[in-house]
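See structure below.
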Amino acid sequence: MYEGNHLASCLRASSAASGGRRFLSPPEGRARSFDASFAAAEKYADALMSLGVRPGDRVAALVEKSPAAIELYLGTILAGGAFLPLNPGYTPDEVDFFIRDARPWAFVVDPGRQESLAGTPAMATVPAVATLDSSGDGSLEQFGRENEERSGFRPAARKEDDLAAILYTSGTTGRPKGAMLTHANLSTNALTLADCWRFTSRDVLVHALPIFHTHGLFVATNVALVAGAAVEFLPEFGAEAVLACMRRATVLMGVPTFYSRLLEHPELGEAASGMRLFISGSAPLPVSVHEAWRIATGQAILERYGMTETGMNTSNPCHGERRAGTVGTPLPGITVRLGAAGGGRDGGDSPAGDGAIGILEVAGPNVFPGYWMNEEATARDFTDDGYFVTGDIARIDDDGYVTIVGRSGDVVISGGFNIYPSEVERVIDAAPGVREVAVVGVPHHDLGEAAVAVVVRDSDGTDTGTSAEAILAHAAERLARYKQPRRIVFRDNLPRNAMGKVLKKRLTEEFAKLFAPR
């Protein structure tokens, strides 16, 4: 089925013979079968093609998490487009950047956001704009109905190396960059993970992740599809809702924050008794959480490691030793090595021996071909022999287990999401009464890390009219919620070296215990 469209054929293969089985079960509304979801995807594909979408065109989506949003993703693939999911929490200014950079042919937006985005300059450059809400209603859905009499749907032909999606990532170099992901990048990674994690059609996955992120959209959803597994599809994480779903599920995928919050509930042990696998990623899992989870449930969390640009690279084993503090060994077909700790493009001269530390480099069919319209960044982040330089500092022990020990940049990973400090600093710098600011990440007992803005006010720091509340309100109008600082701290000055560079490491150390449990 869907012969000629590489990714769509891969995602549909396992469920085609028994498509009447349950696929997506939201907490409200009717469950979707595989057949029903793909039928809806075909309708969206037909609508997109009628709107002028052609193979390779970008389709941007600013929609709430729902079965309809998954079906829009599948419909974009069927239409031959490149799916560009955007965080529904983005402000108009942020959306404007992505539209200007990606130049989508079509933009599908939640009706509740359409008016607020109407004045966004880049919106005027999008040839086709349609709406879609979480119930599947909107102008896109209506447009599809007008054409549903068309029979014999045929997907657009797309090969392994054709573009399937663009996901934006700040990485470690500032402005967001669009990681181009091919049909083969997504299909090979999904099939590899389904095999390594022993997914089958008997599995039921608890899905409480966002779907504008590679973890929720490509890891969780694609793995379930290629295995023909059912999905308990929650709009967001809530401990009580997740615990209820666990009682009828087999697998949970989450970020460390999920697990730390679930540990607070006395019913955890009983709810977890029928589960076979707990998977964590997107941020480092504290060893203390790993150990507490084993005590509470009798199971060890499986931690894995990936990036937007590569999908998953390594994983602790499904059957075997899951080592706390490590992200496991390379997945089949994927090679990792350590480059010089100072980075650089040459690669090849990897540190050797158990305990050596270097910049992790990755090669394999999962690795993206480059950044959208950014040849300079692409050239910088690949070695001459084709390895992607992740920017993560790691060690590899003699058994091949990888441990991530830090970042070569200063990205803050909070609750599984990347926050690039310079973007936040630009916003706060523009707030009234702010002379300068430095944003750093410090340990947080729930989120892993939290962003803290260290602010120097005008008038030598004596302008008390510039309050923390005012600065946070200014940021809230211009930044998605997860990017906003968790705390504003005022200082008379920022520590600097002889060259005038702010010593962020010193600030990180100074505020390391700011969020320590009392």
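Chain labels run A, B, ... following the order of the structure tokens; each chain numbers its residues from 1, and ligands are numbered from 1 in the order shown.
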
Determine, using only C-alpha atoms, which residues of stretch 163-190 of chain A have any atom at most 10 Å from an atom of stretch 78-86 of chain A, and tabulate each with its shortest atom pair and distance in Å to one decimal place, rows ordered by chain and then rising number, as a tab-separated table.
residue	atom	partner	partner_atom	distance
A:Leu163	CA	A:Ala82	CA	5.9
A:Ala164	CA	A:Ala82	CA	4.5
A:Ala165	CA	A:Ala82	CA	4.3
A:Ile166	CA	A:Leu84	CA	5.2
A:Leu167	CA	A:Leu84	CA	6.1
A:Tyr168	CA	A:Leu84	CA	8.3
A:Gly178	CA	A:Leu84	CA	9.2
A:Met180	CA	A:Ala82	CA	8.8
A:Leu181	CA	A:Ala82	CA	8.7
A:Thr182	CA	A:Ala82	CA	8.9
A:His183	CA	A:Ala82	CA	9.7

Leaving out stretch 239-251 of chain A and any residue of its chain fewer than 2 positions from it, which residues lie within 7 Å of it when counting only C-alpha atoms, given as a short mmCIF file (atom, residue, chain, number, x, y, z; two decimals) with N, CA, C and O atoms, in the first residue's frame?
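Written out: selection.cif:
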data_model
loop_
_atom_site.label_atom_id
_atom_site.label_comp_id
_atom_site.auth_asym_id
_atom_site.auth_seq_id
_atom_site.Cartn_x
_atom_site.Cartn_y
_atom_site.Cartn_z
N ASP A 203 1.46 -4.18 21.76
CA ASP A 203 1.84 -3.08 22.66
C ASP A 203 0.80 -1.96 22.65
O ASP A 203 0.11 -1.72 21.64
N VAL A 204 0.72 -1.28 23.79
CA VAL A 204 -0.08 -0.07 23.93
C VAL A 204 0.84 1.00 24.52
O VAL A 204 1.34 0.84 25.64
N LEU A 205 1.07 2.05 23.76
CA LEU A 205 1.99 3.12 24.16
C LEU A 205 1.25 4.27 24.81
O LEU A 205 0.26 4.76 24.27
N VAL A 206 1.73 4.73 25.96
CA VAL A 206 1.21 5.96 26.58
C VAL A 206 1.96 7.13 25.96
O VAL A 206 3.17 7.26 26.13
N GLU A 232 -2.36 5.30 23.59
CA GLU A 232 -3.17 6.10 24.48
C GLU A 232 -2.68 7.53 24.31
O GLU A 232 -1.60 7.90 24.77
N PHE A 237 1.09 16.00 29.37
CA PHE A 237 1.40 15.19 30.54
C PHE A 237 0.60 15.66 31.75
O PHE A 237 0.53 16.84 32.07
N MET A 253 6.79 6.35 26.96
CA MET A 253 7.93 7.16 26.54
C MET A 253 7.79 8.53 27.17
O MET A 253 6.70 9.12 27.14
N ARG A 261 8.00 13.26 38.43
CA ARG A 261 6.67 13.61 38.94
C ARG A 261 5.84 12.37 39.27
O ARG A 261 5.07 12.37 40.23
N LEU A 262 5.97 11.32 38.48
CA LEU A 262 5.23 10.10 38.76
C LEU A 262 5.70 9.44 40.05
O LEU A 262 4.92 8.78 40.74
N LEU A 268 1.95 4.51 42.07
CA LEU A 268 2.84 4.20 40.96
C LEU A 268 3.12 2.71 40.83
O LEU A 268 3.02 2.14 39.74
N ALA A 271 0.17 0.83 39.36
CA ALA A 271 -0.10 1.21 37.97
C ALA A 271 0.95 0.67 37.02
O ALA A 271 0.66 0.37 35.85
N ALA A 272 2.18 0.52 37.50
CA ALA A 272 3.27 0.07 36.64
C ALA A 272 3.37 -1.44 36.54
O ALA A 272 4.17 -1.96 35.75
N GLY A 274 1.73 -3.82 35.17
CA GLY A 274 1.52 -4.49 33.89
C GLY A 274 2.35 -3.94 32.76
O GLY A 274 2.23 -4.41 31.62
N MET A 275 3.19 -2.96 33.03
CA MET A 275 4.00 -2.32 32.00
C MET A 275 5.27 -3.13 31.74
O MET A 275 5.86 -3.70 32.66
N ARG A 276 5.70 -3.15 30.48
CA ARG A 276 6.92 -3.90 30.17
C ARG A 276 8.13 -3.00 29.93
O ARG A 276 9.27 -3.45 30.02
N LEU A 277 7.90 -1.70 29.64
CA LEU A 277 9.04 -0.86 29.27
C LEU A 277 8.77 0.61 29.55
O LEU A 277 7.70 1.14 29.23
N PHE A 278 9.77 1.27 30.17
CA PHE A 278 9.75 2.70 30.41
C PHE A 278 10.98 3.30 29.72
O PHE A 278 12.11 2.87 29.98
#

Quiz item: Taking the backbone alone, and naming residues the way the document does, which bits of stretch 401-444 of chain A are alpha helix (DSSP H) by DSSP, as number ranges by chain?
Solution: A: 421-429

Atoms to include: all heavy atoms. Write the selected residues as a PDB file, in the first residue's frame.
ATOM      1  N   PRO A 421      20.245  30.485  25.242  1.00  0.00           N
ATOM      2  CA  PRO A 421      20.281  31.701  26.057  1.00  0.00           C
ATOM      3  C   PRO A 421      20.311  32.999  25.273  1.00  0.00           C
ATOM      4  O   PRO A 421      19.685  33.981  25.683  1.00  0.00           O
ATOM      5  CB  PRO A 421      21.561  31.526  26.886  1.00  0.00           C
ATOM      6  CG  PRO A 421      21.683  30.046  27.041  1.00  0.00           C
ATOM      7  CD  PRO A 421      21.243  29.487  25.701  1.00  0.00           C
ATOM      8  N   SER A 422      21.024  33.037  24.141  1.00  0.00           N
ATOM      9  CA  SER A 422      21.138  34.310  23.424  1.00  0.00           C
ATOM     10  C   SER A 422      19.785  34.812  22.938  1.00  0.00           C
ATOM     11  O   SER A 422      19.544  36.020  22.886  1.00  0.00           O
ATOM     12  CB  SER A 422      22.102  34.171  22.244  1.00  0.00           C
ATOM     13  OG  SER A 422      21.583  33.297  21.264  1.00  0.00           O
ATOM     14  N   GLU A 423      18.881  33.892  22.575  1.00  0.00           N
ATOM     15  CA  GLU A 423      17.543  34.301  22.138  1.00  0.00           C
ATOM     16  C   GLU A 423      16.782  34.948  23.292  1.00  0.00           C
ATOM     17  O   GLU A 423      16.120  35.982  23.125  1.00  0.00           O
ATOM     18  CB  GLU A 423      16.772  33.099  21.602  1.00  0.00           C
ATOM     19  CG  GLU A 423      15.380  33.454  21.103  1.00  0.00           C
ATOM     20  CD  GLU A 423      14.602  32.246  20.636  1.00  0.00           C
ATOM     21  OE1 GLU A 423      15.040  31.114  20.913  1.00  0.00           O
ATOM     22  OE2 GLU A 423      13.548  32.428  20.003  1.00  0.00           O
ATOM     23  N   VAL A 424      16.877  34.357  24.477  1.00  0.00           N
ATOM     24  CA  VAL A 424      16.197  34.904  25.650  1.00  0.00           C
ATOM     25  C   VAL A 424      16.838  36.231  26.052  1.00  0.00           C
ATOM     26  O   VAL A 424      16.147  37.190  26.425  1.00  0.00           O
ATOM     27  CB  VAL A 424      16.238  33.900  26.818  1.00  0.00           C
ATOM     28  CG1 VAL A 424      15.460  34.435  28.013  1.00  0.00           C
ATOM     29  CG2 VAL A 424      15.684  32.551  26.377  1.00  0.00           C
ATOM     30  N   GLU A 425      18.152  36.298  25.955  1.00  0.00           N
ATOM     31  CA  GLU A 425      18.862  37.527  26.317  1.00  0.00           C
ATOM     32  C   GLU A 425      18.462  38.690  25.416  1.00  0.00           C
ATOM     33  O   GLU A 425      18.300  39.827  25.881  1.00  0.00           O
ATOM     34  CB  GLU A 425      20.371  37.287  26.251  1.00  0.00           C
ATOM     35  CG  GLU A 425      20.888  36.409  27.384  1.00  0.00           C
ATOM     36  CD  GLU A 425      22.287  35.867  27.113  1.00  0.00           C
ATOM     37  OE1 GLU A 425      22.825  36.125  26.014  1.00  0.00           O
ATOM     38  OE2 GLU A 425      22.825  35.179  27.992  1.00  0.00           O
ATOM     39  N   ARG A 426      18.278  38.399  24.115  1.00  0.00           N
ATOM     40  CA  ARG A 426      17.877  39.465  23.195  1.00  0.00           C
ATOM     41  C   ARG A 426      16.525  40.058  23.611  1.00  0.00           C
ATOM     42  O   ARG A 426      16.302  41.267  23.516  1.00  0.00           O
ATOM     43  CB  ARG A 426      17.803  38.934  21.764  1.00  0.00           C
ATOM     44  CG  ARG A 426      19.145  38.773  21.084  1.00  0.00           C
ATOM     45  CD  ARG A 426      18.975  38.603  19.596  1.00  0.00           C
ATOM     46  NE  ARG A 426      18.266  37.374  19.257  1.00  0.00           N
ATOM     47  CZ  ARG A 426      18.861  36.213  19.015  1.00  0.00           C
ATOM     48  NH1 ARG A 426      20.181  36.121  19.081  1.00  0.00           N
ATOM     49  NH2 ARG A 426      18.150  35.149  18.693  1.00  0.00           N
ATOM     50  N   VAL A 427      15.615  39.206  24.050  1.00  0.00           N
ATOM     51  CA  VAL A 427      14.286  39.674  24.452  1.00  0.00           C
ATOM     52  C   VAL A 427      14.366  40.504  25.732  1.00  0.00           C
ATOM     53  O   VAL A 427      13.807  41.600  25.824  1.00  0.00           O
ATOM     54  CB  VAL A 427      13.327  38.480  24.627  1.00  0.00           C
ATOM     55  CG1 VAL A 427      12.035  38.919  25.299  1.00  0.00           C
ATOM     56  CG2 VAL A 427      13.032  37.844  23.279  1.00  0.00           C
ATOM     57  N   ILE A 428      15.076  39.982  26.737  1.00  0.00           N
ATOM     58  CA  ILE A 428      15.140  40.693  28.029  1.00  0.00           C
ATOM     59  C   ILE A 428      15.946  41.975  27.920  1.00  0.00           C
ATOM     60  O   ILE A 428      15.640  42.974  28.585  1.00  0.00           O
ATOM     61  CB  ILE A 428      15.698  39.750  29.114  1.00  0.00           C
ATOM     62  CG1 ILE A 428      14.722  38.588  29.333  1.00  0.00           C
ATOM     63  CG2 ILE A 428      15.932  40.504  30.423  1.00  0.00           C
ATOM     64  CD1 ILE A 428      15.176  37.582  30.360  1.00  0.00           C
ATOM     65  N   ASP A 429      16.966  41.976  27.063  1.00  0.00           N
ATOM     66  CA  ASP A 429      17.743  43.194  26.856  1.00  0.00           C
ATOM     67  C   ASP A 429      16.857  44.360  26.408  1.00  0.00           C
ATOM     68  O   ASP A 429      17.153  45.520  26.703  1.00  0.00           O
ATOM     69  CB  ASP A 429      18.813  42.960  25.780  1.00  0.00           C
ATOM     70  CG  ASP A 429      20.164  42.614  26.388  1.00  0.00           C
ATOM     71  OD1 ASP A 429      20.436  43.075  27.509  1.00  0.00           O
ATOM     72  OD2 ASP A 429      20.932  41.885  25.751  1.00  0.00           O
TER      73      ASP A 429
END

Quiz item: Can you tell me, as a ChimeraX atom specification, what residues are no more than 7 Å from stretch 7-18 of chain A when counting only C-alpha atoms, ignoring any on the same chain fewer than 4 positions away?
Solution: /A:1-3,34,77-78,183,187,222,225-228

Keeping only N, CA and C atoms, write the selected residues to a file as a PDB file, in the first residue's frame.
ATOM      1  N   MET A   1       0.850  -1.203   0.000  1.00  0.00           N
ATOM      2  CA  MET A   1       0.000   0.000   0.000  1.00  0.00           C
ATOM      3  C   MET A   1       0.881   1.247   0.000  1.00  0.00           C
ATOM      4  N   TYR A   2       0.431   2.263  -0.729  1.00  0.00           N
ATOM      5  CA  TYR A   2       1.171   3.522  -0.897  1.00  0.00           C
ATOM      6  C   TYR A   2       2.513   3.294  -1.593  1.00  0.00           C
ATOM      7  N   GLU A   3       2.537   2.336  -2.481  1.00  0.00           N
ATOM      8  CA  GLU A   3       3.766   2.034  -3.225  1.00  0.00           C
ATOM      9  C   GLU A   3       4.242   3.294  -3.948  1.00  0.00           C
ATOM     10  N   PHE A  34      -6.568   2.307  12.670  1.00  0.00           N
ATOM     11  CA  PHE A  34      -5.544   2.600  11.670  1.00  0.00           C
ATOM     12  C   PHE A  34      -6.198   2.988  10.351  1.00  0.00           C
ATOM     13  N   ILE A  77       2.885  13.822   4.244  1.00  0.00           N
ATOM     14  CA  ILE A  77       3.790  12.830   3.656  1.00  0.00           C
ATOM     15  C   ILE A  77       3.167  12.235   2.401  1.00  0.00           C
ATOM     16  N   LEU A  78       1.873  11.895   2.461  1.00  0.00           N
ATOM     17  CA  LEU A  78       1.188  11.326   1.303  1.00  0.00           C
ATOM     18  C   LEU A  78       1.146  12.304   0.132  1.00  0.00           C
ATOM     19  N   HIS A 183      12.946  10.825   3.977  1.00  0.00           N
ATOM     20  CA  HIS A 183      12.100   9.645   4.166  1.00  0.00           C
ATOM     21  C   HIS A 183      12.908   8.511   4.784  1.00  0.00           C
ATOM     22  N   SER A 187      12.292   6.541   8.333  1.00  0.00           N
ATOM     23  CA  SER A 187      11.866   5.136   8.241  1.00  0.00           C
ATOM     24  C   SER A 187      12.882   4.203   8.882  1.00  0.00           C
ATOM     25  N   ASN A 222       5.988   7.314  15.096  1.00  0.00           N
ATOM     26  CA  ASN A 222       6.452   6.459  14.002  1.00  0.00           C
ATOM     27  C   ASN A 222       6.734   5.031  14.466  1.00  0.00           C
ATOM     28  N   LEU A 225       3.496   3.234  14.729  1.00  0.00           N
ATOM     29  CA  LEU A 225       2.940   2.941  13.406  1.00  0.00           C
ATOM     30  C   LEU A 225       3.623   1.750  12.742  1.00  0.00           C
ATOM     31  N   VAL A 226       4.954   1.733  12.764  1.00  0.00           N
ATOM     32  CA  VAL A 226       5.630   0.635  12.068  1.00  0.00           C
ATOM     33  C   VAL A 226       5.433  -0.695  12.775  1.00  0.00           C
ATOM     34  N   ALA A 227       5.083  -0.644  14.067  1.00  0.00           N
ATOM     35  CA  ALA A 227       4.825  -1.878  14.813  1.00  0.00           C
ATOM     36  C   ALA A 227       3.345  -2.241  14.819  1.00  0.00           C
ATOM     37  N   GLY A 228       2.481  -1.329  14.390  1.00  0.00           N
ATOM     38  CA  GLY A 228       1.049  -1.572  14.480  1.00  0.00           C
ATOM     39  C   GLY A 228       0.544  -1.547  15.910  1.00  0.00           C
TER      40      GLY A 228
END

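By chain and then residue number, the residues within 12 Å of A:Met123 are Ala60, Pro92, Asp93, Val95, Asp96, Phe97, Phe98, Ile99, Arg100, Asp101, Ala102, Arg103, Pro104, Trp105, Ala106, Phe107, Val108, Val109, Gln114, Glu115, Ser116, Leu117, Ala118, Ala128, Val129 and Ala130 of chain A, counting only C-alpha atoms and disregarding those fewer than 5 positions away in sequence.
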
Quiz item: Among stretch 104-297 of chain A, which ones does DSSP place in strand (DSSP E or B), written as a ChimeraX atom specification?
Solution: /A:106-109,128-131,158,163-169,177-182,204-207,230-233,251-254,277-280

Write the residues you've just listed into a file as an mmCIF file, in the first residue's frame, and include N, CA and C atoms for each of them.
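What ended up in out34.cif:
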data_model
loop_
_atom_site.group_PDB
_atom_site.id
_atom_site.type_symbol
_atom_site.label_atom_id
_atom_site.label_comp_id
_atom_site.auth_asym_id
_atom_site.auth_seq_id
_atom_site.Cartn_x
_atom_site.Cartn_y
_atom_site.Cartn_z
ATOM 1 N N ALA A 106 2.048 25.965 2.137
ATOM 2 C CA ALA A 106 0.800 25.939 2.887
ATOM 3 C C ALA A 106 1.080 26.085 4.380
ATOM 4 N N PHE A 107 0.178 26.762 5.056
ATOM 5 C CA PHE A 107 0.263 26.936 6.507
ATOM 6 C C PHE A 107 -1.090 26.549 7.094
ATOM 7 N N VAL A 108 -1.086 25.499 7.925
ATOM 8 C CA VAL A 108 -2.302 25.032 8.573
ATOM 9 C C VAL A 108 -2.244 25.471 10.024
ATOM 10 N N VAL A 109 -3.249 26.222 10.451
ATOM 11 C CA VAL A 109 -3.207 26.858 11.766
ATOM 12 C C VAL A 109 -4.496 26.583 12.526
ATOM 13 N N ALA A 128 -1.047 29.473 0.533
ATOM 14 C CA ALA A 128 -2.279 28.824 0.970
ATOM 15 C C ALA A 128 -2.309 28.734 2.488
ATOM 16 N N VAL A 129 -3.372 29.263 3.100
ATOM 17 C CA VAL A 129 -3.567 29.185 4.548
ATOM 18 C C VAL A 129 -4.895 28.496 4.814
ATOM 19 N N ALA A 130 -4.876 27.496 5.703
ATOM 20 C CA ALA A 130 -6.095 26.771 6.061
ATOM 21 C C ALA A 130 -6.109 26.561 7.565
ATOM 22 N N THR A 131 -7.284 26.239 8.102
ATOM 23 C CA THR A 131 -7.415 26.027 9.540
ATOM 24 C C THR A 131 -7.762 24.570 9.844
ATOM 25 N N ARG A 158 7.642 9.494 -3.690
ATOM 26 C CA ARG A 158 8.789 10.039 -2.962
ATOM 27 C C ARG A 158 9.754 8.917 -2.646
ATOM 28 N N LEU A 163 12.958 14.849 0.820
ATOM 29 C CA LEU A 163 12.676 15.544 2.077
ATOM 30 C C LEU A 163 11.300 15.164 2.606
ATOM 31 N N ALA A 164 11.247 14.798 3.903
ATOM 32 C CA ALA A 164 9.977 14.432 4.549
ATOM 33 C C ALA A 164 9.555 15.449 5.600
ATOM 34 N N ALA A 165 10.517 16.120 6.220
ATOM 35 C CA ALA A 165 10.177 17.045 7.307
ATOM 36 C C ALA A 165 11.315 18.024 7.540
ATOM 37 N N ILE A 166 10.975 19.140 8.137
ATOM 38 C CA ILE A 166 11.963 20.094 8.640
ATOM 39 C C ILE A 166 11.596 20.388 10.087
ATOM 40 N N LEU A 167 12.530 20.155 10.985
ATOM 41 C CA LEU A 167 12.343 20.493 12.395
ATOM 42 C C LEU A 167 13.409 21.513 12.779
ATOM 43 N N TYR A 168 12.976 22.589 13.393
ATOM 44 C CA TYR A 168 13.925 23.637 13.762
ATOM 45 C C TYR A 168 14.549 23.347 15.120
ATOM 46 N N THR A 169 15.833 23.607 15.189
ATOM 47 C CA THR A 169 16.584 23.399 16.416
ATOM 48 C C THR A 169 17.572 24.531 16.581
ATOM 49 N N LYS A 177 17.825 26.662 13.394
ATOM 50 C CA LYS A 177 18.193 26.125 12.092
ATOM 51 C C LYS A 177 17.234 24.989 11.747
ATOM 52 N N GLY A 178 16.863 24.896 10.487
ATOM 53 C CA GLY A 178 15.926 23.865 10.055
ATOM 54 C C GLY A 178 16.643 22.586 9.670
ATOM 55 N N ALA A 179 16.496 21.550 10.494
ATOM 56 C CA ALA A 179 17.104 20.255 10.186
ATOM 57 C C ALA A 179 16.234 19.538 9.156
ATOM 58 N N MET A 180 16.809 19.244 8.002
ATOM 59 C CA MET A 180 16.089 18.554 6.937
ATOM 60 C C MET A 180 16.162 17.044 7.171
ATOM 61 N N LEU A 181 15.016 16.403 7.262
ATOM 62 C CA LEU A 181 14.952 14.969 7.518
ATOM 63 C C LEU A 181 14.326 14.276 6.319
ATOM 64 N N THR A 182 14.971 13.223 5.850
ATOM 65 C CA THR A 182 14.514 12.536 4.656
ATOM 66 C C THR A 182 13.580 11.376 5.004
ATOM 67 N N VAL A 204 0.721 -1.283 23.793
ATOM 68 C CA VAL A 204 -0.082 -0.069 23.929
ATOM 69 C C VAL A 204 0.838 0.998 24.524
ATOM 70 N N LEU A 205 1.074 2.050 23.759
ATOM 71 C CA LEU A 205 1.994 3.115 24.157
ATOM 72 C C LEU A 205 1.249 4.266 24.806
ATOM 73 N N VAL A 206 1.731 4.734 25.960
ATOM 74 C CA VAL A 206 1.206 5.956 26.578
ATOM 75 C C VAL A 206 1.958 7.135 25.963
ATOM 76 N N HIS A 207 1.228 7.988 25.245
ATOM 77 C CA HIS A 207 1.820 9.119 24.521
ATOM 78 C C HIS A 207 1.356 10.414 25.180
ATOM 79 N N ALA A 230 -1.055 0.141 19.448
ATOM 80 C CA ALA A 230 -2.075 1.109 19.841
ATOM 81 C C ALA A 230 -1.445 2.212 20.685
ATOM 82 N N VAL A 231 -2.118 3.365 20.716
ATOM 83 C CA VAL A 231 -1.579 4.532 21.410
ATOM 84 C C VAL A 231 -2.660 5.167 22.281
ATOM 85 N N GLU A 232 -2.356 5.295 23.587
ATOM 86 C CA GLU A 232 -3.173 6.101 24.484
ATOM 87 C C GLU A 232 -2.679 7.535 24.313
ATOM 88 N N PHE A 233 -3.477 8.359 23.645
ATOM 89 C CA PHE A 233 -3.016 9.634 23.113
ATOM 90 C C PHE A 233 -3.499 10.785 23.987
ATOM 91 N N VAL A 251 3.861 0.353 27.433
ATOM 92 C CA VAL A 251 5.075 1.151 27.262
ATOM 93 C C VAL A 251 4.763 2.623 27.536
ATOM 94 N N LEU A 252 5.708 3.301 28.195
ATOM 95 C CA LEU A 252 5.647 4.746 28.368
ATOM 96 C C LEU A 252 6.930 5.353 27.820
ATOM 97 N N MET A 253 6.794 6.355 26.961
ATOM 98 C CA MET A 253 7.933 7.160 26.537
ATOM 99 C C MET A 253 7.785 8.531 27.174
ATOM 100 N N GLY A 254 8.873 9.043 27.753
ATOM 101 C CA GLY A 254 8.770 10.342 28.400
ATOM 102 C C GLY A 254 10.116 11.006 28.571
ATOM 103 N N LEU A 277 7.896 -1.696 29.645
ATOM 104 C CA LEU A 277 9.037 -0.864 29.266
ATOM 105 C C LEU A 277 8.771 0.613 29.553
ATOM 106 N N PHE A 278 9.773 1.268 30.173
ATOM 107 C CA PHE A 278 9.754 2.700 30.407
ATOM 108 C C PHE A 278 10.976 3.296 29.717
ATOM 109 N N ILE A 279 10.764 4.279 28.831
ATOM 110 C CA ILE A 279 11.840 4.854 28.026
ATOM 111 C C ILE A 279 11.944 6.342 28.340
ATOM 112 N N SER A 280 13.167 6.834 28.499
ATOM 113 C CA SER A 280 13.390 8.242 28.805
ATOM 114 C C SER A 280 14.398 8.837 27.839
#

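Atom CA of A:Leu234 is found 25.8 Å from atom CA of A:Glu309.
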
Self-check item: All residues 12 Å or closer to A:Thr188, only C-alpha atoms, same chain fewer than 4 positions away omitted, as JSON, numbers by chain
Solution: {"A": [6, 7, 10, 11, 160, 161, 181, 182, 183, 184, 192, 193, 194, 195, 218, 219, 222, 223, 226, 310, 311, 312, 313, 331, 332, 333, 334, 364, 365, 366, 367, 368]}

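With only C-alpha atoms as the atoms that count, the residue of A:Cys318, A:Ala363, A:Ala516, A:Val412 with the shortest distance to A:Phe199 is A:Cys318.
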
Self-check item: Proximity to A:Thr297 - best of A:Gly400, A:Gly19, A:Gly136, A:Pro266, only C-alpha atoms
Solution: A:Pro266

Practice problem: To one decimal in Å, tell me the separation between atom CA of A:Asn5 and atom CA of A:Leu186. | Solution: 12.9 Å

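With only C-alpha atoms as the atoms that count, the minimum distance from A:Ser50 to the choices A:Ala36, A:Thr466, A:Gly328, A:Phe143 is reached by A:Phe143.
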